[in-house]
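Student: Quick one: this structure, given as structure tokens, is what I'll be asking you about.
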Amino acid sequence: MKTFKGNVLFLDRSDINTDEIIPAKYLTEITKEALKPNLLEDLVLPGFSREDIQDKAVIVTRENFGCGSSREHAPWALEVNGINVVIAESFARIFRQNMYNCGMFAIELPKETIDGLFANYAGKAVIMAVDVDGNQISIEADGKSETIDFKVGEFDKTLVKEGGWVGYADKNY
Amino acid sequence: MGKTIAEKIFDAHRVDEPFPDTHVLKLDRVFCHEITTPIAITDLMARGMDRVFDPTKIKAVIDHVTPAKDSKTAAQGKILRDWARRHDIKDFFDIGKNGVCHAIFPEKGFVRPGYTIIMGDSHTCTHGAFGAFAAGIGTTDLEVGILKGVCAFHFPKTIKIVLTGALKPGVYAKDLILFIIKELTVNGATNMVIEFTGPVVDTMSMESRMTLCNMAIEAGGTCGICYPDMTTVDYLWDFIQDEFATKADALADYSKWVSDADAEYERVLEYNVSELQPMLTVGYKPDQVRTVAEMTGTKVDQIYIGSCTNGRIEDLRIAAEVLKGKKISDKVRAIVSPATPAIYSMALKEGIIEIFQDAGFCVTNPTCGACLGMSNGVLAEGEVCAATTNRNFNGRMGKGGMVHLMSPATAAATAISGTIVNADLFKA
């Protein structure tokens, strides 16, 4: 199982698409590691700089994250940068499934909760951790902590625990 | 309670339901191209699992960057080519025989009503035009599909769109799907199938239905679906005549892949499209849609006609009708990519290639080409393209470039004018 804990990158925009996460011109790479320097290279978000990605392990964002292409290069580009968790109001279907197929978390939370995360924590030093068995996200900032419950399907959780879909499918089908 | 076509296809293909709302389906087709498949292949090799579930159900093509532009794309092609040979995948379309996946696979008769199809390409939803369940998936799902012939999906909640009235001359499936995406928004159909029905769809060619289904993903949809009918049978007849005595028999058999009248839908939306005008996108999201009339006079630098959305013979014929005897503006450059070698040959025989060339178009080989800025036709920073493609994301056709999505007729008219304009074919 991957690790799901660390500093948080807040991306305050909806509909961040796969071409922004990793542009098509890098799809000629045949290793995941080669994608590392180009994560979020074409992101349109005022104030965002690629240096913000440094040392982050979790992304918190808005609606429809990962829309567009089927490229699994998008989760891979996150993974090789140490980001194994994206928390959003909603995800595009293919991106979401790609995350779980890779044993990574794409967690959906209600709009009010996401609004609260942005209001309380954006711009601060904050650490989030996913408790896989407890279905909880723990948040530490300013010496205080809180937890937020989340829902995840049994299939998705199994993929996270088994480290992805290939191993599970090979065993079962 | 009746069932939708997608539910019927799920019922006929379900091999397991290991968890609630997790439907593992048997696959009739696994389509592959050289961008998303090589990593699946190398990962299977690294795991010591370099096997395929059924080489006759796997179809592969090199289409995104072809012929190879550099050592990296050459390596991608080589991985796919070597793998196809190693596993005796007979339907592998290499350079010279290759075309855009979502055009060439239907053209070869690989898509049938009631099929389940996956491909590591988001526009796989195109094949729903034949009454199939066809979904874009990532490389890991592709890997499992190649190895085991299965893929897991959630229950196919469905939006039914009923299209009534009749499209005006000069208004096409592309204008219609842009209008529908505007109505649904970019995530209005996420995790859902979109059924396109009604008299407007009934009278559409398979090419137009493919254009419609192709962009279901731009509203977040898993698959676009049209019910199979005699138009579907006619298109497939060369490939199915050994299976059925008559076309009527084929139609009778395929009629099981139609939704029941009392099927349950997430939403049912009805539009009379008789007053629809030619549409185009503005901005960087495919639901940012306006009429062409509203954007008349907008300057562009490049015109691109092609792609899995609008690179078929019908599209080239429509564009040629606009271009015939005319020249493109000297303020723009224009590129056309016929989507497959068969389309290219047809266009050549019909004099369409000559019309494009006489007008001043660059005619490329069949390829995904400029659509995703990976090979030819890339925009420079600040440039604008009028394109018949499917995605207008920031930087899609080149860093700092902008794309207006539109029909082949509008793209051709824009090439002549040098600025965005309605085609003469459109009778307002």
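Note on naming: chains are A, B, ... as they come in the structure tokens, residues start from 1 per chain, ligands start from 1 in the order shown.
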Fewer than 3 positions away in the same chain doesn't count, so skip those; otherwise give me all residues within 9 Å of A:Gln97, counting only C-alpha atoms, as a list in words.

Tutor: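 My reading of the contact set: Ala92, Arg93, Ile94, Tyr100, Asn101, Cys102, Ala106 and Asp156 of chain A; Ile137, Gly138 and Asp141 of chain B.
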
Student: Can you list, as a list of chain:residue names, all residues belonging to stretch 3-46 of chain A that DSSP tags as alpha helix (DSSP H)?

Tutor: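 The alpha helix (DSSP H) residues within stretch 3-46 of chain A come out as A:Thr18, A:Asp19, A:Glu20, A:Ile21.
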
Student: Would you list the contacts of A:Lys171 as a PyMOL selection string, taking every protein, DNA or RNA residue within 12 Å and counting only C-alpha atoms, but skipping same-chain residues closer than 6 positions in sequence?

Tutor: (chain A and resi 162+164-165) or (chain B and resi 144+147-148)

Student: Taking only C-alpha atoms into account, what are the residues of chain A at most 10 Å from chain B, put as a PyMOL selection string?

Tutor: chain A and resi 15-20+23-32+41-44+63-65+67-75+90-102+153-156+158+164-170+172-173

Student: Within 10 Å of A:Ala141, counting only C-alpha atoms, which residues qualify if same-chain residues fewer than 2 places away don't, as a list in words?

Tutor: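 Near neighbours after the sequence-gap exclusion: Asn120, Tyr121, Lys124, Ala125, Val126, Ile127, Met128, Ile139, Gly143, Lys144, Ser145 and Glu146 of chain A.
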